[in-house]
Every structure is written in structure tokens, then in C-alpha cells.
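**Q** What follows is final_9.txt; its format and atoms are compact mmCIF, C-alpha atoms.
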```
# COMPACT_ATOMS: atom_id res chain seq x y z
CA MET A 158 0.00 0.00 0.00
CA SER A 159 1.11 3.57 -0.62
CA SER A 160 1.38 6.10 2.20
CA ILE A 161 -0.36 9.39 2.85
CA SER A 162 1.43 12.63 1.98
CA ALA A 163 2.77 14.96 4.66
CA GLU A 164 0.41 17.80 3.79
CA HIS A 165 -2.51 15.66 4.98
CA VAL A 166 -1.23 15.63 8.56
CA THR A 167 -3.17 17.81 11.01
CA ALA A 168 -1.15 18.96 14.04
CA ALA A 169 -2.87 20.40 17.11
CA THR A 170 -2.72 20.65 20.89
CA LEU A 171 -5.15 19.71 23.64
CA GLU A 172 -5.15 21.45 27.00
CA VAL A 173 -5.25 19.13 30.00
CA PRO A 174 -5.41 20.16 33.68
CA ASP A 175 -1.63 20.02 34.19
CA GLY A 176 -0.29 20.81 30.74
CA ARG A 177 -0.72 20.72 26.99
CA LEU A 178 -0.63 17.66 24.73
CA TYR A 179 0.69 17.82 21.18
CA TYR A 180 -0.89 15.40 18.72
CA GLU A 181 -1.18 14.66 15.01
CA VAL A 182 -3.99 13.11 12.99
CA ARG A 183 -3.73 11.51 9.55
CA GLY A 184 -6.13 9.78 7.22
CA GLN A 185 -9.72 8.60 7.45
CA GLY A 186 -11.33 5.39 8.59
CA PRO A 187 -11.22 3.29 11.78
CA LEU A 188 -9.21 4.97 14.51
CA VAL A 189 -5.73 3.68 15.38
CA ALA A 190 -3.58 5.38 18.01
CA LEU A 191 0.20 4.91 18.11
CA VAL A 192 1.72 5.57 21.52
CA ALA A 193 5.32 5.57 22.72
CA ALA A 194 7.30 6.70 25.78
CA PRO A 195 9.77 8.34 25.73
CA MET A 196 9.69 8.50 21.91
CA ASP A 197 7.57 11.30 20.47
CA ALA A 198 5.16 11.40 17.54
CA ALA A 199 7.93 11.77 14.96
CA ALA A 200 9.13 8.21 15.54
CA PHE A 201 5.78 6.86 14.36
CA ALA A 202 5.45 9.11 11.28
CA PRO A 203 6.44 6.54 8.62
CA LEU A 204 4.18 3.86 10.12
CA ALA A 205 1.36 6.37 10.59
CA ASP A 206 1.59 7.45 6.94
CA LEU A 207 1.22 3.84 5.80
CA LEU A 208 -1.76 3.14 8.08
CA ALA A 209 -3.47 6.42 7.18
CA VAL A 210 -4.36 5.11 3.72
CA ASP A 211 -7.44 3.51 5.29
CA HIS A 212 -7.36 4.54 8.97
CA THR A 213 -7.59 7.66 11.05
CA VAL A 214 -4.23 7.60 12.82
CA LEU A 215 -3.48 9.46 16.05
CA THR A 216 0.10 10.06 17.21
CA THR A 217 1.20 12.19 20.15
CA ASP A 218 4.19 13.37 22.15
CA PRO A 219 3.90 11.85 25.65
CA ARG A 220 3.54 14.29 28.53
CA GLY A 221 6.75 16.13 29.39
CA ILE A 222 8.41 15.17 26.08
CA ASN A 223 9.16 17.58 23.21
CA ARG A 224 5.97 19.51 22.35
CA SER A 225 3.75 18.14 25.16
CA ALA A 226 4.66 20.56 27.92
CA LEU A 227 3.70 20.26 31.59
CA HIS A 228 3.00 23.24 33.83
CA ASP A 229 5.35 21.60 36.33
CA PRO A 230 8.31 20.13 34.42
CA HIS A 231 9.37 18.23 37.54
CA GLN A 232 6.13 16.25 37.72
CA ASP A 233 6.55 12.50 37.26
CA SER A 234 5.04 10.82 34.21
CA THR A 235 3.23 7.66 35.32
CA PRO A 236 1.54 5.14 33.02
CA GLN A 237 -1.79 6.07 34.59
CA LEU A 238 -1.33 9.78 33.78
CA ARG A 239 -0.21 8.99 30.24
CA ALA A 240 -3.19 6.65 29.82
CA ASP A 241 -5.52 9.42 30.95
CA ASP A 242 -3.91 11.70 28.35
CA VAL A 243 -4.57 9.16 25.59
CA SER A 244 -8.14 8.73 26.82
CA ARG A 245 -8.67 12.49 26.66
CA LEU A 246 -7.27 12.62 23.12
CA LEU A 247 -9.50 9.76 21.98
CA ALA A 248 -12.53 11.43 23.53
CA HIS A 249 -11.55 14.73 21.89
CA LEU A 250 -11.41 13.10 18.46
CA ASP A 251 -14.75 11.34 19.10
CA ALA A 252 -13.96 8.67 16.50
CA GLY A 253 -13.57 5.55 18.64
CA PRO A 254 -13.47 3.07 20.09
CA ALA A 255 -9.92 2.72 18.84
CA ALA A 256 -7.23 0.18 18.29
CA VAL A 257 -4.11 1.28 20.15
CA LEU A 258 -0.51 0.23 19.61
CA GLY A 259 1.93 1.05 22.39
CA SER A 260 5.69 0.61 22.14
CA SER A 261 8.07 0.13 25.08
CA GLY A 262 7.00 2.65 27.75
CA GLY A 263 4.00 3.34 25.53
CA ALA A 264 3.08 -0.34 25.78
CA VAL A 265 2.79 0.17 29.53
CA THR A 266 0.68 3.27 28.84
CA VAL A 267 -1.84 1.34 26.75
CA LEU A 268 -2.07 -1.43 29.33
CA ALA A 269 -2.93 1.24 31.90
CA LEU A 270 -5.47 2.63 29.40
CA ALA A 271 -7.26 -0.69 28.95
CA GLN A 272 -7.91 -1.11 32.67
CA PRO A 273 -10.07 1.95 33.51
CA HIS A 274 -11.12 2.97 29.97
CA PRO A 275 -12.33 -0.14 28.10
CA GLU A 276 -14.95 1.99 26.35
CA ARG A 277 -12.19 3.91 24.57
CA VAL A 278 -10.30 0.97 23.09
CA HIS A 279 -11.42 -2.30 21.51
CA THR A 280 -7.88 -3.64 20.94
CA VAL A 281 -4.61 -2.93 22.74
CA VAL A 282 -1.33 -4.08 21.23
CA ALA A 283 1.36 -3.76 23.91
CA HIS A 284 4.65 -4.14 22.03
CA GLU A 285 7.53 -5.05 24.36
CA PRO A 286 6.42 -3.46 27.66
CA PRO A 287 9.39 -3.21 30.10
CA LEU A 288 7.47 -4.49 33.13
CA LEU A 289 10.35 -5.50 35.37
CA GLY A 290 8.03 -6.34 38.25
CA LEU A 291 6.87 -9.46 36.38
CA LEU A 292 10.33 -11.06 36.51
CA ASP A 293 11.75 -13.26 39.27
CA ASP A 294 14.98 -11.23 39.41
CA ARG A 295 13.14 -7.91 39.58
CA GLU A 296 14.89 -6.71 42.75
CA ALA A 297 18.32 -6.99 41.15
CA LEU A 298 17.07 -5.41 37.91
CA LEU A 299 15.45 -2.49 39.70
CA ALA A 300 18.58 -1.95 41.81
CA ARG A 301 20.63 -1.77 38.62
CA GLU A 302 18.11 0.66 37.20
CA ASP A 303 18.43 2.88 40.27
CA ASP A 304 22.21 2.79 39.83
CA MET A 305 21.81 3.81 36.19
CA ILE A 306 19.66 6.79 37.18
CA ALA A 307 22.16 7.77 39.87
CA THR A 308 24.92 7.66 37.26
CA TYR A 309 22.92 10.00 35.04
CA ARG A 310 22.24 12.34 37.98
CA ALA A 311 25.98 12.49 38.63
CA GLY A 312 26.50 13.84 35.11
CA ASP A 313 27.86 10.69 33.47
CA ARG A 314 25.62 10.51 30.41
CA LEU A 315 27.77 7.94 28.63
CA GLY A 316 28.02 5.74 31.70
CA ALA A 317 24.25 5.85 32.20
CA GLY A 318 23.72 4.94 28.57
CA ARG A 319 26.04 1.96 28.88
CA LYS A 320 24.14 0.79 31.97
CA PHE A 321 20.82 1.28 30.16
CA LEU A 322 21.95 -1.00 27.34
CA ALA A 323 23.43 -3.53 29.79
CA ASN A 324 20.19 -3.66 31.78
CA ALA A 325 18.22 -4.15 28.56
CA ASN A 326 20.73 -6.80 27.40
CA ILE A 327 21.21 -4.95 24.11
CA GLN A 328 24.62 -5.20 22.45
CA LEU A 329 25.68 -2.37 20.13
CA PRO A 330 28.96 -1.44 18.43
CA GLU A 331 31.09 1.02 20.40
CA GLU A 332 30.82 3.69 17.71
CA LEU A 333 27.03 3.54 17.88
CA ILE A 334 27.09 3.78 21.69
CA GLN A 335 29.33 6.83 21.44
CA GLY A 336 27.01 8.37 18.86
CA MET A 337 23.96 7.81 21.06
CA PHE A 338 25.35 8.76 24.46
CA GLY A 339 28.67 10.54 23.97
CA GLY A 340 28.98 14.29 23.68
CA GLU A 341 26.22 16.83 24.23
CA PRO A 342 22.77 16.36 22.66
CA GLU A 343 20.69 19.17 21.19
CA PRO A 344 18.77 21.16 23.86
CA GLN A 345 15.38 19.52 23.24
CA ALA A 346 16.88 16.04 23.13
CA ALA A 347 18.76 16.81 26.36
CA ALA A 348 15.55 17.99 28.05
CA ASP A 349 13.66 14.89 26.91
CA GLU A 350 16.45 12.60 28.08
CA HIS A 351 16.54 14.37 31.46
CA PHE A 352 12.77 13.94 31.84
CA GLN A 353 12.97 10.28 30.84
CA TYR A 354 15.67 9.39 33.38
CA LEU A 355 14.34 11.40 36.30
CA HIS A 356 10.57 11.38 35.81
CA MET A 357 9.51 8.51 33.55
CA ILE A 358 11.59 5.34 33.86
CA ARG A 359 10.83 4.33 37.45
CA GLY A 360 7.05 4.69 37.19
CA THR A 361 7.02 2.79 33.90
CA THR A 362 9.13 -0.24 34.79
CA ARG A 363 7.51 -0.59 38.23
CA PHE A 364 3.93 -0.50 36.94
CA GLN A 365 1.88 -3.49 38.06
CA PRO A 366 -0.79 -4.38 35.50
CA ASP A 367 -4.10 -5.75 36.75
CA VAL A 368 -3.75 -9.04 34.93
CA ALA A 369 -7.19 -10.34 35.90
CA THR A 370 -8.90 -7.20 34.61
CA LEU A 371 -6.91 -7.30 31.36
CA ARG A 372 -7.62 -11.00 30.88
CA GLU A 373 -11.33 -10.80 31.62
CA GLY A 374 -12.16 -7.32 30.30
CA ALA A 375 -13.93 -6.38 27.10
CA THR A 376 -10.77 -4.98 25.50
CA ARG A 377 -8.69 -7.41 23.44
CA VAL A 378 -5.10 -7.36 24.72
CA VAL A 379 -2.27 -8.48 22.45
CA VAL A 380 1.33 -8.66 23.69
CA GLY A 381 3.68 -7.89 20.81
CA LEU A 382 7.30 -9.02 20.62
CA GLY A 383 9.97 -8.33 18.03
CA GLU A 384 11.40 -11.35 16.20
CA GLN A 385 14.91 -9.94 16.70
CA SER A 386 14.55 -9.20 20.43
CA ALA A 387 15.48 -12.68 21.67
CA GLY A 388 17.32 -12.56 24.98
CA GLN A 389 16.67 -8.88 25.64
CA ILE A 390 14.93 -7.76 28.80
CA CYS A 391 11.73 -6.88 26.91
CA ASP A 392 11.69 -10.35 25.40
CA ARG A 393 11.51 -11.68 28.95
CA THR A 394 8.92 -9.16 30.17
CA SER A 395 6.72 -9.62 27.09
CA ARG A 396 6.72 -13.39 27.46
CA ALA A 397 5.97 -13.09 31.18
CA LEU A 398 3.00 -10.80 30.56
CA ALA A 399 1.64 -12.98 27.76
CA ALA A 400 1.90 -16.05 29.98
CA ALA A 401 0.11 -14.25 32.83
CA LEU A 402 -2.67 -13.40 30.38
CA GLY A 403 -2.92 -17.04 29.38
CA GLY A 404 -1.20 -17.05 26.01
CA ALA A 405 1.96 -16.38 24.05
CA PRO A 406 3.32 -13.15 22.57
CA THR A 407 2.38 -12.16 19.02
CA MET A 408 5.50 -11.82 16.91
CA PHE A 409 6.29 -8.70 14.90
CA PRO A 410 9.13 -8.07 12.43
CA GLY A 411 12.29 -6.38 13.69
CA GLY A 412 13.41 -5.70 17.20
CA HIS A 413 12.36 -3.39 20.02
CA ILE A 414 11.61 -0.56 17.60
CA GLY A 415 10.66 -2.62 14.58
CA PHE A 416 8.18 0.06 13.49
CA VAL A 417 11.16 2.40 12.95
CA GLU A 418 13.46 -0.23 11.42
CA ASP A 419 11.01 -1.46 8.76
CA PRO A 420 7.71 0.46 8.74
CA PRO A 421 6.15 -1.38 5.74
CA ALA A 422 6.75 -4.83 7.25
CA PHE A 423 5.54 -3.68 10.66
CA ALA A 424 2.44 -2.06 9.14
CA ALA A 425 1.58 -5.25 7.26
CA ARG A 426 1.88 -7.32 10.42
CA LEU A 427 -0.14 -4.83 12.47
CA ARG A 428 -2.91 -4.95 9.86
CA GLU A 429 -2.97 -8.75 10.19
CA VAL A 430 -3.18 -8.57 13.98
CA LEU A 431 -5.96 -5.98 13.94
CA ALA A 432 -7.93 -8.03 11.38
CA GLU A 433 -7.86 -11.02 13.72
CA GLY A 434 -9.80 -9.13 16.40
```
What is this structure when it is put down as C-alpha cells?

**A**
Amino acid sequence: MSSISAEHVTAATLEVPDGRLYYEVRGQGPLVALVAAPMDAAAFAPLADLLAVDHTVLTTDPRGINRSALHDPHQDSTPQLRADDVSRLLAHLDAGPAAVLGSSGGAVTVLALAQPHPERVHTVVAHEPPLLGLLDDREALLAREDDMIATYRAGDRLGAGRKFLANANIQLPEELIQGMFGGEPEPQAAADEHFQYLHMIRGTTRFQPDVATLREGATRVVVGLGEQSAGQICDRTSRALAAALGGAPTMFPGGHIGFVEDPPAFAARLREVLAEG
């Protein structure tokens, strides 16, 4: 399928009690929302363009990131608050109920959305949620995460990045690590990174999903897992969540951010998954 052109993207903001949410809408048809954390709407643009051929596609910057500004920039971003933001956006568009794809921290967001707002979403695809609390070695993992955050607080951006990758069990070439975490990022990227480390990570990885509610509720819950994520921490968490829900993960092309790596292949697989509902 072809993709929609950039001029057919509508960008807007929605005021919420503690800030302002930036969002984009493309296309026409059944509503699909694409949600990440800490990634912003731009990461989903290629996938959104492909889906917008026959869907209304919502993307958004999560609270405290890039164009979604909070009145208090030191306020923590919890999955519950982010889920409430998505619920407000879906209600504002008045085009649901929606299918919702969440990636990484956004996968935790959409799980939190399905619990209190089943009327907003008919299908939730939680792609690689980093729910460390589901794992037997969670205490050691969370302690290492706290150490990573302390390293970032101490001003060692490269060291924190190395610990992030080690905790996630992701191996990258040294030059790529240096490119990602060495040197000084642009001001907006630095602000987003600061918010992620200090106000987003802990609440996301420590979220405890209500498995019984998700399993028995009206919303269809799919746990997505990248075919190339074997052995990574989100491989383990995704399989643990799927097992708790009584099934197995649904495989998607690529790795943790397969929708960025190969948008056409990811879009084709997402269409198949949504058609099964």
C-alpha cells in the first residue's frame, strides 16, 4: 500500500489540567492510536503514513516530552497519567473506540489505558512493555536501574547509557554507543532525556498491570514481541506478561523498535493482527 502525503497531517494541541498535549492526525477510517514513551510522535510518522491510507491515525508526544509541555516540568510521568492523556485525546477526536498500539513505555501506557477505559479501546497491542516487576529477578534489575539513574544524575551521560543497554541486554557497536550517548545532545533532546531518566523510567518499569482485569475485560489485549529481540529484557517481560494473560506473545518483524526499522513490514503485520480481532 502507498502512504499518505505529509500535507494531509493535522497537528494540534489539547489542553489538560496540568499541561498541553501535542498530537497529530492523519487519514480517514477506523481509529488507530500509536503511543510511545519516551519517543515522540515523529518516531511513528512513517508507520502512521502507511496506516493512514485507510485509517484515522493518532500520534502524540507523551507528557513532558518535546511539544507536550507540563506546567510543572518536575512532575513525574506515570503510566496512569499517560493513559488518561490518551483517553482524553480519543474522547476529543470522538472517533472511537480505537485500536491502540503502544511501544516500550507506551506499551505500559496502553495497558494502563485498557484497565479503567475499556470503552475507549477495543484492541490494545502492547509491544515489548518493560514491566520488570513481572520477573523473578526484579529486585536486582530495579537496583541496577536505580544505579543507572544515579549515574545519570551524577552527570555521566555515557556511563548511564552503557548501563541502560546492559540492563536491557542490548549489544551495540562502540561507535554507535558513542554516537547515542557521547557528547552533548541538542537542547530539546537533552531535556527529553533528562525527563525520561528522572521522571519517567521508574514509574514505567515498576507498573503493576491488573492481569485479571486485562484478561477478563472487554478490551482485546495483544502482547507484541519483536522477532529480533530474543534474549533482551523486553523479550523476557513480554513473554511473562503474555503467559500471565494465558497465552503467548504475538510476533512482529524487527526488534524493540521494529516500526522504525522497517515500517512497511511492521504495518503489514499490524494490519494482520488488527484483522484477527

**Q** Between A:Ala297, A:Leu270, A:Leu292, A:Ala194, which one has atoms that come closest to Gln353 of chain A, using all atoms listed in the file?

**A** A:Ala194

**Q** Hey, can you check how far atom CA of Asp294 of chain A sits from atom CA of Ala369 of chain A?

**A**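 Going from atom CA of Asp294 of chain A over to atom CA of Ala369 of chain A covers 22.5 Å.
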
**Q** If we count all atoms listed in the file, what is near segment 229-246 of chain A at a cut-off of 7 Å, once residues fewer than 4 positions away on the same chain are taken out, given as a list in words?

**A**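 Listing them by chain and then by number gives Pro219, Arg220, Gly221, Leu250, Val265, Thr266, Val267, Ala269, Leu270, Arg277, His356, Met357, Gly360 and Thr361 of chain A.
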
**Q** What is the atom CA of Val173 of chain A to atom CA of Ser261 of chain A distance in Å?

**A**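 Interatomic distance, atom CA of Val173 of chain A to atom CA of Ser261 of chain A: 23.7 Å.
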
**Q** Identify which of the residues A:Leu355, A:Leu427, A:Ala248, A:Leu298 lies closest to Ala323 of chain A, counting all atoms listed in the file when measuring atom-to-atom distances.

**A**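 Once distances to Ala323 of chain A are computed over all atoms listed in the file, the minimum belongs to A:Leu298.
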
**Q** Just the number, please: distance in Å from atom CA of Glu302 of chain A to atom CA of Ala317 of chain A, one decimal.

**A** 9.5 Å

**Q** What are the nearest atom pairs, with distances in Å to one decimal, for all residues of segment 261-305 of chain A that come at most 8 Å from segment 394-416 of chain A, using only C-alpha atoms, set out by chain and rising residue number as JSON lines?

**A**
```
{"residue": "A:Ser261", "atom": "CA", "partner": "A:His413", "partner_atom": "CA", "distance": 7.5}
{"residue": "A:His284", "atom": "CA", "partner": "A:Ser395", "partner_atom": "CA", "distance": 7.7}
{"residue": "A:Glu285", "atom": "CA", "partner": "A:Ser395", "partner_atom": "CA", "distance": 5.4}
{"residue": "A:Pro286", "atom": "CA", "partner": "A:Ser395", "partner_atom": "CA", "distance": 6.2}
{"residue": "A:Pro287", "atom": "CA", "partner": "A:Thr394", "partner_atom": "CA", "distance": 6.0}
{"residue": "A:Leu288", "atom": "CA", "partner": "A:Thr394", "partner_atom": "CA", "distance": 5.7}
{"residue": "A:Leu289", "atom": "CA", "partner": "A:Thr394", "partner_atom": "CA", "distance": 6.5}
{"residue": "A:Leu291", "atom": "CA", "partner": "A:Ala397", "partner_atom": "CA", "distance": 6.4}
{"residue": "A:Leu292", "atom": "CA", "partner": "A:Thr394", "partner_atom": "CA", "distance": 6.8}
```

**Q** Tell me which of A:Glu429, A:Glu181, A:Asp419, A:Glu276 sits closest to Gly374 of chain A, counting all atoms listed in the file.

**A**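 Comparing A:Glu429, A:Glu181, A:Asp419, A:Glu276 against Gly374 of chain A, the winner is A:Glu276.
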
**Q** Counting all atoms listed in the file, find the residues whose atoms lie at most 10 Å from (15.7, -8.1, 23.4) (file coordinates) and write them out as a PyMOL selection string.

**A** chain A and resi 285+325-328+382-395+412-413

**Q** Name the closest residue to Leu227 of chain A among the candidates A:Gly263, A:Pro195, A:Gly381, A:Pro174; distances are taken between atoms, counting all atoms listed in the file.

**A**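 Comparing A:Gly263, A:Pro195, A:Gly381, A:Pro174 against Leu227 of chain A, the winner is A:Pro174.
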
**Q** Considering only C-alpha atoms, can you say which of A:Pro421, A:Leu268, A:Met337, A:Ala169 comes closest to Leu322 of chain A?

**A**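 Among the listed residues, the smallest separation from Leu322 of chain A belongs to A:Met337.
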
**Q** Compile the contact shell of Ala202 of chain A as a list in words: residues with an atom at most 10 Å away, counting only C-alpha atoms, same-chain residues fewer than 5 positions apart removed.

**A**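 The residues satisfying every condition are Ala163, Val166, Glu181, Arg183, Leu191, Asp197, Leu207, Leu208, Val214, Thr216, Phe416, Val417 and Pro420 of chain A.
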
**Q** Mind listing whatever residues come within 9 Å of the point (25.4, 5.4, 28.5)? Use only C-alpha atoms, file coordinates, and give them as a list in words.

**A**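 Residues close enough to count: Met305, Tyr309, Asp313, Arg314, Leu315, Gly316, Ala317, Gly318, Arg319, Lys320, Phe321, Leu322, Ile334, Gln335, Met337, Phe338 and Gly339 of chain A.
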
**Q** If we count all atoms listed in the file and set the cut-off at 10 Å, which residues sit around Pro254 of chain A, ignoring sequence neighbours fewer than 2 positions away in its own chain? Please answer as a PyMOL selection string.

**A** chain A and resi 187-189+247-248+251-252+256-257+275-280

**Q** Reconstruct N, CA and C atoms of segment 312-342 of chain A from the incomplete input and present them as a short mmCIF file (atom, residue, chain, number, x, y, z; two decimals), in the coordinates of the input.

**A**
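Output file result_6.cif follows:
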```
data_model
loop_
_atom_site.label_atom_id
_atom_site.label_comp_id
_atom_site.auth_asym_id
_atom_site.auth_seq_id
_atom_site.Cartn_x
_atom_site.Cartn_y
_atom_site.Cartn_z
N GLY A 312 25.96 13.17 36.28
CA GLY A 312 26.50 13.84 35.11
C GLY A 312 27.22 12.94 34.13
N ASP A 313 27.18 11.64 34.36
CA ASP A 313 27.86 10.69 33.47
C ASP A 313 26.84 10.14 32.46
N ARG A 314 26.62 10.90 31.42
CA ARG A 314 25.62 10.51 30.41
C ARG A 314 26.03 9.23 29.69
N LEU A 315 27.29 9.12 29.32
CA LEU A 315 27.77 7.94 28.63
C LEU A 315 27.69 6.71 29.53
N GLY A 316 28.09 6.86 30.77
CA GLY A 316 28.02 5.74 31.70
C GLY A 316 26.59 5.27 31.93
N ALA A 317 25.66 6.21 32.03
CA ALA A 317 24.25 5.85 32.20
C ALA A 317 23.74 5.13 30.97
N GLY A 318 24.15 5.60 29.81
CA GLY A 318 23.72 4.94 28.57
C GLY A 318 24.23 3.52 28.48
N ARG A 319 25.50 3.31 28.87
CA ARG A 319 26.04 1.96 28.88
C ARG A 319 25.25 1.06 29.83
N LYS A 320 24.91 1.59 31.00
CA LYS A 320 24.14 0.79 31.97
C LYS A 320 22.72 0.53 31.47
N PHE A 321 22.14 1.49 30.75
CA PHE A 321 20.82 1.28 30.16
C PHE A 321 20.85 0.09 29.20
N LEU A 322 21.84 0.08 28.32
CA LEU A 322 21.95 -1.00 27.34
C LEU A 322 22.25 -2.33 28.03
N ALA A 323 23.11 -2.30 29.07
CA ALA A 323 23.43 -3.53 29.79
C ALA A 323 22.19 -4.09 30.49
N ASN A 324 21.41 -3.21 31.11
CA ASN A 324 20.19 -3.66 31.78
C ASN A 324 19.20 -4.25 30.79
N ALA A 325 19.14 -3.67 29.59
CA ALA A 325 18.22 -4.15 28.56
C ALA A 325 18.76 -5.36 27.82
N ASN A 326 20.04 -5.72 28.09
CA ASN A 326 20.73 -6.80 27.40
C ASN A 326 20.74 -6.57 25.89
N ILE A 327 21.08 -5.34 25.52
CA ILE A 327 21.21 -4.95 24.11
C ILE A 327 22.68 -4.68 23.83
N GLN A 328 23.23 -5.38 22.83
CA GLN A 328 24.62 -5.20 22.45
C GLN A 328 24.69 -4.32 21.19
N LEU A 329 25.50 -3.27 21.26
CA LEU A 329 25.68 -2.37 20.13
C LEU A 329 27.17 -2.12 19.92
N PRO A 330 27.56 -1.80 18.67
CA PRO A 330 28.96 -1.44 18.43
C PRO A 330 29.34 -0.18 19.21
N GLU A 331 30.62 -0.10 19.60
CA GLU A 331 31.09 1.02 20.40
C GLU A 331 30.83 2.36 19.72
N GLU A 332 31.02 2.42 18.41
CA GLU A 332 30.82 3.69 17.71
C GLU A 332 29.37 4.15 17.78
N LEU A 333 28.44 3.19 17.77
CA LEU A 333 27.03 3.54 17.88
C LEU A 333 26.71 4.01 19.30
N ILE A 334 27.29 3.36 20.29
CA ILE A 334 27.09 3.78 21.69
C ILE A 334 27.60 5.21 21.88
N GLN A 335 28.79 5.49 21.34
CA GLN A 335 29.33 6.83 21.44
C GLN A 335 28.44 7.85 20.74
N GLY A 336 27.90 7.47 19.59
CA GLY A 336 27.01 8.37 18.86
C GLY A 336 25.71 8.65 19.60
N MET A 337 25.22 7.66 20.33
CA MET A 337 23.96 7.81 21.06
C MET A 337 24.14 8.57 22.37
N PHE A 338 25.23 8.27 23.09
CA PHE A 338 25.35 8.76 24.46
C PHE A 338 26.58 9.62 24.72
N GLY A 339 27.49 9.70 23.78
CA GLY A 339 28.67 10.54 23.97
C GLY A 339 28.39 11.98 23.55
N GLY A 340 29.16 12.90 24.07
CA GLY A 340 28.98 14.29 23.68
C GLY A 340 27.73 14.91 24.27
N GLU A 341 27.37 16.08 23.73
CA GLU A 341 26.22 16.83 24.23
C GLU A 341 25.10 16.80 23.20
N PRO A 342 23.90 16.36 23.59
CA PRO A 342 22.77 16.36 22.66
C PRO A 342 22.23 17.77 22.44
#
```
